[in-house]
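Enquirer: What follows is target07.pdb, made up of PDB, C-alpha atoms and all ligand atoms:
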```
ATOM      1  CA  MET L1011     197.953  10.433  47.901  1.00  0.00           C
ATOM      2  CA  SER L1012     201.663   9.873  48.079  1.00  0.00           C
ATOM      3  CA  PRO L1013     204.097   7.885  50.238  1.00  0.00           C
ATOM      4  CA  VAL L1014     204.620   9.029  53.826  1.00  0.00           C
ATOM      5  CA  VAL L1015     208.326   8.348  53.478  1.00  0.00           C
ATOM      6  CA  ILE L1016     210.541   6.710  50.853  1.00  0.00           C
ATOM      7  CA  LEU L1017     213.775   4.886  51.717  1.00  0.00           C
ATOM      8  CA  VAL L1018     216.749   4.763  49.354  1.00  0.00           C
ATOM      9  CA  GLY L1019     220.295   3.475  49.806  1.00  0.00           C
ATOM     10  CA  PRO L1020     222.603   0.659  48.774  1.00  0.00           C
ATOM     11  CA  PRO L1021     221.854  -3.048  49.212  1.00  0.00           C
ATOM     12  CA  GLY L1022     222.201  -3.945  52.874  1.00  0.00           C
ATOM     13  CA  SER L1023     221.469  -0.455  54.162  1.00  0.00           C
ATOM     14  CA  GLY L1024     218.238  -1.832  55.624  1.00  0.00           C
ATOM     15  CA  LYS L1025     215.608  -0.174  53.396  1.00  0.00           C
ATOM     16  CA  SER L1026     213.156  -3.097  53.395  1.00  0.00           C
ATOM     17  CA  THR L1027     213.633  -3.807  57.115  1.00  0.00           C
ATOM     18  CA  ILE L1028     213.316  -0.203  58.313  1.00  0.00           C
ATOM     19  CA  ALA L1029     210.372   0.533  55.995  1.00  0.00           C
ATOM     20  CA  ALA L1030     208.429  -2.415  57.448  1.00  0.00           C
ATOM     21  CA  LEU L1031     209.159  -1.156  60.957  1.00  0.00           C
ATOM     22  CA  LEU L1032     208.168   2.430  60.135  1.00  0.00           C
ATOM     23  CA  ALA L1033     204.919   1.263  58.543  1.00  0.00           C
ATOM     24  CA  GLU L1034     204.070  -0.757  61.631  1.00  0.00           C
ATOM     25  CA  ARG L1035     204.806   2.197  63.920  1.00  0.00           C
ATOM     26  CA  LEU L1036     202.799   4.611  61.771  1.00  0.00           C
ATOM     27  CA  GLY L1037     199.932   2.176  61.193  1.00  0.00           C
ATOM     28  CA  VAL L1038     200.194   2.418  57.409  1.00  0.00           C
ATOM     29  CA  LYS L1039     201.016  -0.104  54.678  1.00  0.00           C
ATOM     30  CA  HIS L1040     204.537  -1.040  53.707  1.00  0.00           C
ATOM     31  CA  ARG L1041     205.269  -1.279  50.015  1.00  0.00           C
ATOM     32  CA  ASP L1042     208.587  -2.546  48.621  1.00  0.00           C
ATOM     33  CA  THR L1043     209.063  -2.209  44.878  1.00  0.00           C
ATOM     34  CA  ASP L1044     211.171  -5.388  44.713  1.00  0.00           C
ATOM     35  CA  THR L1045     208.284  -7.330  46.262  1.00  0.00           C
ATOM     36  CA  ASP L1046     205.844  -5.739  43.780  1.00  0.00           C
ATOM     37  CA  ILE L1047     208.122  -6.632  40.855  1.00  0.00           C
ATOM     38  CA  GLU L1048     208.425 -10.262  42.005  1.00  0.00           C
ATOM     39  CA  ALA L1049     204.666 -10.534  42.469  1.00  0.00           C
ATOM     40  CA  GLY L1050     203.982  -9.053  39.031  1.00  0.00           C
ATOM     41  CA  ALA L1051     206.585 -11.161  37.245  1.00  0.00           C
ATOM     42  CA  GLY L1052     205.784 -14.329  39.185  1.00  0.00           C
ATOM     43  CA  GLN L1053     209.474 -14.991  39.780  1.00  0.00           C
ATOM     44  CA  PRO L1054     212.243 -13.905  42.130  1.00  0.00           C
ATOM     45  CA  ILE L1055     214.491 -11.000  41.156  1.00  0.00           C
ATOM     46  CA  SER L1056     217.449 -13.344  40.719  1.00  0.00           C
ATOM     47  CA  ASP L1057     215.479 -15.271  38.050  1.00  0.00           C
ATOM     48  CA  ILE L1058     214.330 -12.070  36.321  1.00  0.00           C
ATOM     49  CA  PHE L1059     218.000 -11.084  35.903  1.00  0.00           C
ATOM     50  CA  VAL L1060     218.969 -14.526  34.577  1.00  0.00           C
ATOM     51  CA  ASP L1061     215.988 -14.973  32.220  1.00  0.00           C
ATOM     52  CA  HIS L1062     215.516 -11.404  30.964  1.00  0.00           C
ATOM     53  CA  GLY L1063     218.562  -9.314  31.953  1.00  0.00           C
ATOM     54  CA  GLU L1064     219.074  -6.155  33.973  1.00  0.00           C
ATOM     55  CA  ALA L1065     217.496  -3.775  31.418  1.00  0.00           C
ATOM     56  CA  HIS L1066     214.217  -5.678  31.642  1.00  0.00           C
ATOM     57  CA  PHE L1067     214.397  -5.612  35.447  1.00  0.00           C
ATOM     58  CA  ARG L1068     214.969  -1.834  35.373  1.00  0.00           C
ATOM     59  CA  ALA L1069     211.898  -1.351  33.155  1.00  0.00           C
ATOM     60  CA  LEU L1070     209.772  -3.376  35.600  1.00  0.00           C
ATOM     61  CA  GLU L1071     211.293  -1.384  38.456  1.00  0.00           C
ATOM     62  CA  ARG L1072     210.450   1.932  36.821  1.00  0.00           C
ATOM     63  CA  ALA L1073     206.816   0.878  36.334  1.00  0.00           C
ATOM     64  CA  ALA L1074     206.603  -0.372  39.931  1.00  0.00           C
ATOM     65  CA  ILE L1075     207.912   2.971  41.221  1.00  0.00           C
ATOM     66  CA  VAL L1076     205.458   5.021  39.140  1.00  0.00           C
ATOM     67  CA  ALA L1077     202.588   2.938  40.553  1.00  0.00           C
ATOM     68  CA  ALA L1078     203.883   3.057  44.141  1.00  0.00           C
ATOM     69  CA  LEU L1079     204.267   6.849  44.103  1.00  0.00           C
ATOM     70  CA  GLU L1080     200.474   7.112  43.672  1.00  0.00           C
ATOM     71  CA  ASP L1081     199.882   5.207  46.899  1.00  0.00           C
ATOM     72  CA  ASP L1082     199.860   6.146  50.570  1.00  0.00           C
ATOM     73  CA  GLU L1083     202.467   4.005  52.326  1.00  0.00           C
ATOM     74  CA  VAL L1084     205.986   3.677  53.607  1.00  0.00           C
ATOM     75  CA  LEU L1085     207.919   2.813  50.478  1.00  0.00           C
ATOM     76  CA  SER L1086     211.253   1.024  50.177  1.00  0.00           C
ATOM     77  CA  LEU L1087     212.963   1.088  46.783  1.00  0.00           C
ATOM     78  CA  GLY L1088     215.633  -1.241  45.420  1.00  0.00           C
ATOM     79  CA  GLY L1089     219.217  -0.002  45.710  1.00  0.00           C
ATOM     80  CA  GLY L1090     219.503   0.786  41.987  1.00  0.00           C
ATOM     81  CA  ALA L1091     216.194   2.591  41.586  1.00  0.00           C
ATOM     82  CA  ILE L1092     217.853   6.011  41.651  1.00  0.00           C
ATOM     83  CA  LEU L1093     219.942   5.198  38.551  1.00  0.00           C
ATOM     84  CA  ASP L1094     216.992   6.247  36.375  1.00  0.00           C
ATOM     85  CA  PRO L1095     216.907  10.041  35.884  1.00  0.00           C
ATOM     86  CA  ALA L1096     213.112   9.939  35.534  1.00  0.00           C
ATOM     87  CA  THR L1097     212.851   8.302  38.941  1.00  0.00           C
ATOM     88  CA  ARG L1098     215.190  10.866  40.466  1.00  0.00           C
ATOM     89  CA  ALA L1099     212.996  13.616  39.038  1.00  0.00           C
ATOM     90  CA  ASP L1100     209.856  11.916  40.365  1.00  0.00           C
ATOM     91  CA  LEU L1101     211.360  11.699  43.856  1.00  0.00           C
ATOM     92  CA  ALA L1102     211.739  15.479  44.113  1.00  0.00           C
ATOM     93  CA  GLY L1103     209.213  16.846  46.576  1.00  0.00           C
ATOM     94  CA  HIS L1104     208.843  13.536  48.431  1.00  0.00           C
ATOM     95  CA  ASN L1105     210.094  12.675  51.919  1.00  0.00           C
ATOM     96  CA  VAL L1106     213.115  10.682  50.780  1.00  0.00           C
ATOM     97  CA  VAL L1107     215.533   9.256  53.359  1.00  0.00           C
ATOM     98  CA  PHE L1108     218.988   7.934  52.420  1.00  0.00           C
ATOM     99  CA  LEU L1109     220.011   5.059  54.671  1.00  0.00           C
ATOM    100  CA  ASP L1110     223.783   5.245  54.729  1.00  0.00           C
ATOM    101  CA  VAL L1111     225.987   2.276  55.579  1.00  0.00           C
ATOM    102  CA  SER L1112     229.697   1.500  55.451  1.00  0.00           C
ATOM    103  CA  LEU L1113     231.050  -1.033  52.968  1.00  0.00           C
ATOM    104  CA  GLY L1114     232.054  -3.443  55.727  1.00  0.00           C
ATOM    105  CA  GLU L1115     228.662  -3.376  57.405  1.00  0.00           C
ATOM    106  CA  ALA L1116     226.728  -3.654  54.121  1.00  0.00           C
ATOM    107  CA  ALA L1117     228.864  -6.641  53.047  1.00  0.00           C
ATOM    108  CA  LYS L1118     228.195  -8.335  56.383  1.00  0.00           C
ATOM    109  CA  ARG L1119     224.464  -7.749  56.106  1.00  0.00           C
ATOM    110  CA  VAL L1120     223.974  -8.960  52.514  1.00  0.00           C
ATOM    111  CA  GLY L1121     226.143 -12.057  52.983  1.00  0.00           C
ATOM    112  CA  LEU L1122     226.790 -14.391  50.076  1.00  0.00           C
ATOM    113  CA  GLY L1123     223.247 -15.237  48.922  1.00  0.00           C
ATOM    114  CA  VAL L1124     222.006 -15.258  45.324  1.00  0.00           C
ATOM    115  CA  ALA L1125     219.085 -12.921  46.071  1.00  0.00           C
ATOM    116  CA  ARG L1126     221.051  -9.851  44.890  1.00  0.00           C
ATOM    117  CA  PRO L1127     222.348 -10.786  41.415  1.00  0.00           C
ATOM    118  CA  LEU L1128     224.403  -7.598  40.966  1.00  0.00           C
ATOM    119  CA  LEU L1129     226.583  -8.607  43.908  1.00  0.00           C
ATOM    120  CA  LEU L1130     227.476 -12.079  42.646  1.00  0.00           C
ATOM    121  CA  GLY L1131     231.177 -12.859  42.331  1.00  0.00           C
ATOM    122  CA  ASN L1132     233.270 -10.755  44.684  1.00  0.00           C
ATOM    123  CA  VAL L1133     230.534  -9.256  46.843  1.00  0.00           C
ATOM    124  CA  ARG L1134     232.784  -6.709  48.525  1.00  0.00           C
ATOM    125  CA  THR L1135     234.223  -5.372  45.246  1.00  0.00           C
ATOM    126  CA  GLN L1136     230.816  -5.224  43.554  1.00  0.00           C
ATOM    127  CA  LEU L1137     229.318  -3.487  46.534  1.00  0.00           C
ATOM    128  CA  ARG L1138     232.196  -0.984  46.769  1.00  0.00           C
ATOM    129  CA  ASN L1139     231.924  -0.033  43.071  1.00  0.00           C
ATOM    130  CA  LEU L1140     228.191   0.309  43.216  1.00  0.00           C
ATOM    131  CA  MET L1141     228.247   2.347  46.447  1.00  0.00           C
ATOM    132  CA  GLU L1142     230.891   4.733  45.115  1.00  0.00           C
ATOM    133  CA  ALA L1143     229.081   5.300  41.827  1.00  0.00           C
ATOM    134  CA  ARG L1144     225.663   5.791  43.411  1.00  0.00           C
ATOM    135  CA  ARG L1145     226.447   7.841  46.524  1.00  0.00           C
ATOM    136  CA  PRO L1146     225.960  11.228  44.760  1.00  0.00           C
ATOM    137  CA  LEU L1147     222.602  10.038  43.451  1.00  0.00           C
ATOM    138  CA  TYR L1148     221.356   8.981  46.892  1.00  0.00           C
ATOM    139  CA  VAL L1149     222.467  12.344  48.267  1.00  0.00           C
ATOM    140  CA  GLU L1150     220.791  14.172  45.380  1.00  0.00           C
ATOM    141  CA  VAL L1151     217.330  12.695  46.011  1.00  0.00           C
ATOM    142  CA  ALA L1152     217.387  12.627  49.821  1.00  0.00           C
ATOM    143  CA  LYS L1153     216.027  15.229  52.229  1.00  0.00           C
ATOM    144  CA  LEU L1154     217.612  13.377  55.155  1.00  0.00           C
ATOM    145  CA  THR L1155     220.592  11.019  55.514  1.00  0.00           C
ATOM    146  CA  VAL L1156     220.600   8.539  58.387  1.00  0.00           C
ATOM    147  CA  GLN L1157     223.680   6.544  59.356  1.00  0.00           C
ATOM    148  CA  THR L1158     222.817   2.914  60.059  1.00  0.00           C
ATOM    149  CA  ASP L1159     226.143   1.396  61.221  1.00  0.00           C
ATOM    150  CA  ASP L1160     226.120   0.240  64.849  1.00  0.00           C
ATOM    151  CA  ARG L1161     222.458   1.117  65.222  1.00  0.00           C
ATOM    152  CA  THR L1162     219.449  -1.132  65.597  1.00  0.00           C
ATOM    153  CA  PRO L1163     216.483  -0.900  63.225  1.00  0.00           C
ATOM    154  CA  ASP L1164     214.450   0.529  66.130  1.00  0.00           C
ATOM    155  CA  GLN L1165     216.967   3.325  66.704  1.00  0.00           C
ATOM    156  CA  ILE L1166     217.014   4.160  62.997  1.00  0.00           C
ATOM    157  CA  ALA L1167     213.208   4.192  62.813  1.00  0.00           C
ATOM    158  CA  ASP L1168     213.133   6.512  65.860  1.00  0.00           C
ATOM    159  CA  GLU L1169     215.415   9.027  64.148  1.00  0.00           C
ATOM    160  CA  ILE L1170     213.326   9.020  60.972  1.00  0.00           C
ATOM    161  CA  LEU L1171     210.081   9.436  62.924  1.00  0.00           C
ATOM    162  CA  GLU L1172     211.552  12.397  64.811  1.00  0.00           C
ATOM    163  CA  HIS L1173     212.274  14.132  61.516  1.00  0.00           C
ATOM    164  CA  LEU L1174     208.831  13.347  60.138  1.00  0.00           C
ATOM    165  CA  GLY L1175     207.399  15.234  63.122  1.00  0.00           C
TER     166      GLY L1175
HETATM  167  N1  LIG L1201     220.436  -1.598  61.447  1.00  0.00           N
HETATM  168  C1  LIG L1201     220.678  -2.876  61.184  1.00  0.00           C
HETATM  169  N2  LIG L1201     221.552  -3.562  61.942  1.00  0.00           N
HETATM  170  C2  LIG L1201     221.832  -4.859  61.671  1.00  0.00           C
HETATM  171  N3  LIG L1201     221.280  -5.577  60.656  1.00  0.00           N
HETATM  172  C3  LIG L1201     220.399  -4.946  59.859  1.00  0.00           C
HETATM  173  C4  LIG L1201     220.053  -3.562  60.060  1.00  0.00           C
HETATM  174  N4  LIG L1201     219.153  -3.214  59.113  1.00  0.00           N
HETATM  175  C5  LIG L1201     218.958  -4.315  58.344  1.00  0.00           C
HETATM  176  N5  LIG L1201     219.688  -5.366  58.788  1.00  0.00           N
HETATM  177  C6  LIG L1201     219.773  -6.712  58.190  1.00  0.00           C
HETATM  178  O1  LIG L1201     220.496  -6.568  56.975  1.00  0.00           O
HETATM  179  C7  LIG L1201     219.952  -7.417  55.977  1.00  0.00           C
HETATM  180  C8  LIG L1201     219.585  -6.561  54.765  1.00  0.00           C
HETATM  181  O2  LIG L1201     218.495  -5.709  55.118  1.00  0.00           O
HETATM  182  P1  LIG L1201     217.422  -5.230  54.050  1.00  0.00           P
HETATM  183  O3  LIG L1201     216.328  -4.542  54.800  1.00  0.00           O
HETATM  184  O4  LIG L1201     217.036  -6.357  53.149  1.00  0.00           O
HETATM  185  O5  LIG L1201     218.287  -4.156  53.239  1.00  0.00           O
HETATM  186  P2  LIG L1201     218.020  -3.491  51.815  1.00  0.00           P
HETATM  187  O6  LIG L1201     216.553  -3.592  51.537  1.00  0.00           O
HETATM  188  O7  LIG L1201     218.496  -2.085  51.981  1.00  0.00           O
HETATM  189  O8  LIG L1201     218.887  -4.258  50.860  1.00  0.00           O
HETATM  190  C9  LIG L1201     218.770  -8.149  56.613  1.00  0.00           C
HETATM  191  O9  LIG L1201     219.209  -9.411  57.044  1.00  0.00           O
HETATM  192  C10 LIG L1201     218.407  -7.268  57.803  1.00  0.00           C
HETATM  193  O10 LIG L1201     217.850  -8.012  58.859  1.00  0.00           O
HETATM  194  O1  LIG L1202     221.335  -2.381  43.907  1.00  0.00           O
HETATM  195  C1  LIG L1202     220.624  -2.859  42.982  1.00  0.00           C
HETATM  196  O2  LIG L1202     220.777  -2.509  41.781  1.00  0.00           O
HETATM  197  C2  LIG L1202     219.584  -3.848  43.334  1.00  0.00           C
HETATM  198  C3  LIG L1202     219.186  -3.926  44.658  1.00  0.00           C
HETATM  199  C4  LIG L1202     218.162  -4.878  45.123  1.00  0.00           C
HETATM  200  O3  LIG L1202     217.407  -4.289  46.194  1.00  0.00           O
HETATM  201  P1  LIG L1202     218.006  -4.036  47.671  1.00  0.00           P
HETATM  202  O4  LIG L1202     218.775  -2.741  47.620  1.00  0.00           O
HETATM  203  O5  LIG L1202     216.809  -3.934  48.537  1.00  0.00           O
HETATM  204  O6  LIG L1202     218.886  -5.194  48.004  1.00  0.00           O
HETATM  205  C5  LIG L1202     217.230  -5.276  43.983  1.00  0.00           C
HETATM  206  O7  LIG L1202     216.422  -4.196  43.597  1.00  0.00           O
HETATM  207  C6  LIG L1202     218.025  -5.753  42.785  1.00  0.00           C
HETATM  208  O8  LIG L1202     218.744  -6.917  43.175  1.00  0.00           O
HETATM  209  C7  LIG L1202     218.984  -4.684  42.265  1.00  0.00           C
HETATM  210 MG    MG L1203     215.378  -4.286  49.956  1.00  0.00          MG
END
```
Once more with this new file: its structure as structure tokens, please.

Expert:
Amino acid sequence: MSPVVILVGPPGSGKSTIAALLAERLGVKHRDTDTDIEAGAGQPISDIFVDHGEAHFRALERAAIVAALEDDEVLSLGGGAILDPATRADLAGHNVVFLDVSLGEAAKRVGLGVARPLLLGNVRTQLRNLMEARRPLYVEVAKLTVQTDDRTPDQIADEILEHLG
């Protein structure tokens, strides 16, 4: 058993939203590693960062990914999941889709909330740095890249389903 499809991409690219939609369309479960981490830790991601730091969050994330890769579902990862070389290696051979998004659109979508601790401060600058640094890693793990600007979640899900055949 392994995931039907795995979504990667920066914060605000729509991974969690599109994965839920794909799961509904395919009649399978949706699993989101951020949700699994929060359930396991009993606290929101923002609190995990404050109380234990990013390194601890990344360790929880790695464990959540290893567990999720054993399951049959549509899987959405957190935006930074691909930073871990072991995770990138584990993603080889899976149906990985990179949801691409422009800086302007991603900034609009994530807004100014506290839910994404890495974006606190100047959201646009943080997001730009993170997107630039990670782009090659998203491309490396993905079998398919889907542009999400100016497209509805339904349109994006349609394109992914077409490629899944
Ligand atoms: N294609 C889209 N067009 C407009 N808004 C979107 C689109 N995809 C997602 N969103 C919105 O953007 C925000 C972030 O989406 P989310 O699925 O949480 O992204 P991610 O998991 O990649 O960080 C949510 O408010 C969601 O409703
Ligand atoms: O980009 C990142 O490093 C992170 C993205 C978040 O997920 P989304 O990409 O779903 O927002 C979440 O995993 C955490 O706040 C760290
Ligand atoms: Mg998400």

Enquirer: Write out as JSON an axis-aligned box for stretch 1090-1103 of chain L: all of its atoms listed in the file, 8 Å added on each side, centre and edge lengths in Å with one decimal.

Expert:
```
{"center_x": 214.6, "center_y": 8.8, "center_z": 41.1, "size_x": 26.7, "size_y": 32.1, "size_z": 27.0}
```

Enquirer: Under the rule that only C-alpha atoms and all ligand atoms are counted, which of L:Asp1046, L:Glu1150, L:Glu1169, L:Asp1057 is the nearest residue to ligand MG 1203 (chain L)?

Expert: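 Comparing L:Asp1046, L:Glu1150, L:Glu1169, L:Asp1057 against ligand MG 1203 (chain L), the winner is L:Asp1046.
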
Enquirer: Calculate how many Å separate atom CA of L:Thr1027 from atom CA of L:Pro1095, rounding to one decimal.

Expert: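 For atom CA of L:Thr1027 relative to atom CA of L:Pro1095, the distance reads 25.6 Å.
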
Enquirer: Can you measure atom CA of L:Leu1174 to atom CA of L:Leu1017 for me? One decimal in Å is fine.

Expert: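 Interatomic distance, atom CA of L:Leu1174 to atom CA of L:Leu1017: 12.9 Å.
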
Enquirer: Can you tell me which residues sit at most 7 Å away from ligand MG 1203 (chain L), counting all atoms listed in the file, written as number ranges by chain?

Expert: L: 1021, 1024-1026, 1044, 1086-1088

Enquirer: Create the file for the chosen residues now, containing C-alpha atoms and written as a JSON list (two decimals), keeping the file's coordinate frame.

Expert:
```json
[["chain", "number", "residue", "atom", "x", "y", "z"],
["L", 1021, "PRO", "CA", 221.85, -3.05, 49.21],
["L", 1024, "GLY", "CA", 218.24, -1.83, 55.62],
["L", 1025, "LYS", "CA", 215.61, -0.17, 53.40],
["L", 1026, "SER", "CA", 213.16, -3.10, 53.40],
["L", 1044, "ASP", "CA", 211.17, -5.39, 44.71],
["L", 1086, "SER", "CA", 211.25, 1.02, 50.18],
["L", 1087, "LEU", "CA", 212.96, 1.09, 46.78],
["L", 1088, "GLY", "CA", 215.63, -1.24, 45.42]]
```

Enquirer: Run the PyMOL selection byres (((not hetatm)) within 10 of (chain L and resi 1201)) against the file shown and list the residues it catches, as number ranges by chain.

Expert: L: 1017-1030, 1042, 1044, 1086-1089, 1109-1111, 1115-1121, 1125-1126, 1157-1167

Enquirer: Could you expand the PyMOL selection byres (((chain L and resi 1071) around 8) and not hetatm) into the explicit residues it covers here, written as number ranges by chain?

Expert: L: 1043-1044, 1047, 1067-1070, 1072-1075, 1091

Enquirer: What is the atom CA of L:Asp1094-atom CA of L:Glu1048 distance in Å, reported with one decimal?

Expert: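 Between atom CA of L:Asp1094 and atom CA of L:Glu1048 the gap is 19.4 Å.
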
Enquirer: Using all atoms listed in the file, determine which residues lie at most 8 Å from L:Phe1108, disregarding the query and same-chain residues fewer than 3 positions distant; provide the list as a list in words.

Expert: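 Neighbouring residues, sequence-local ones excluded: Leu1017, Val1018, Gly1019, Tyr1148, Val1149, Ala1152, Lys1153, Leu1154, Thr1155 and Val1156 of chain L.
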
Enquirer: Ranking L:Ile1016, L:Val1124, L:Met1011, L:Ala1099 by minimum distance to ligand LIG 1202 (chain L) and counting all atoms listed in the file, which one comes first?

Expert: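 Checking each of L:Ile1016, L:Val1124, L:Met1011, L:Ala1099 against ligand LIG 1202 (chain L), counting all atoms listed in the file, the winner is L:Val1124.
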
Enquirer: Measuring between all atoms listed in the file, which one of L:Val1084, L:Ala1033, L:Ala1096, L:Ile1058 shows the shortest distance to L:Val1015?

Expert: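 Under the stated criterion, the closest residue is L:Val1084.
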
Enquirer: From the list L:Leu1031, L:Ala1051, L:Met1141, L:Val1038, which residue is nearest L:Leu1113 when using only C-alpha atoms?

Expert: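 Distance minimum relative to L:Leu1113 lands on L:Met1141.
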
Enquirer: Determine the residue membership of the PyMOL selection byres (((chain L and resi 1104) around 8) and not hetatm) for the file above and supply it as a PyMOL selection string.

Expert: chain L and resi 1013+1015-1016+1101-1103+1105-1106

Enquirer: Nearest residue to ligand LIG 1202 (chain L) out of L:Glu1064, L:Asp1081, L:Asp1100, L:Glu1034, using all atoms listed in the file?

Expert: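 Of L:Glu1064, L:Asp1081, L:Asp1100, L:Glu1034, the one nearest ligand LIG 1202 (chain L), counting all atoms listed in the file, is L:Glu1064.
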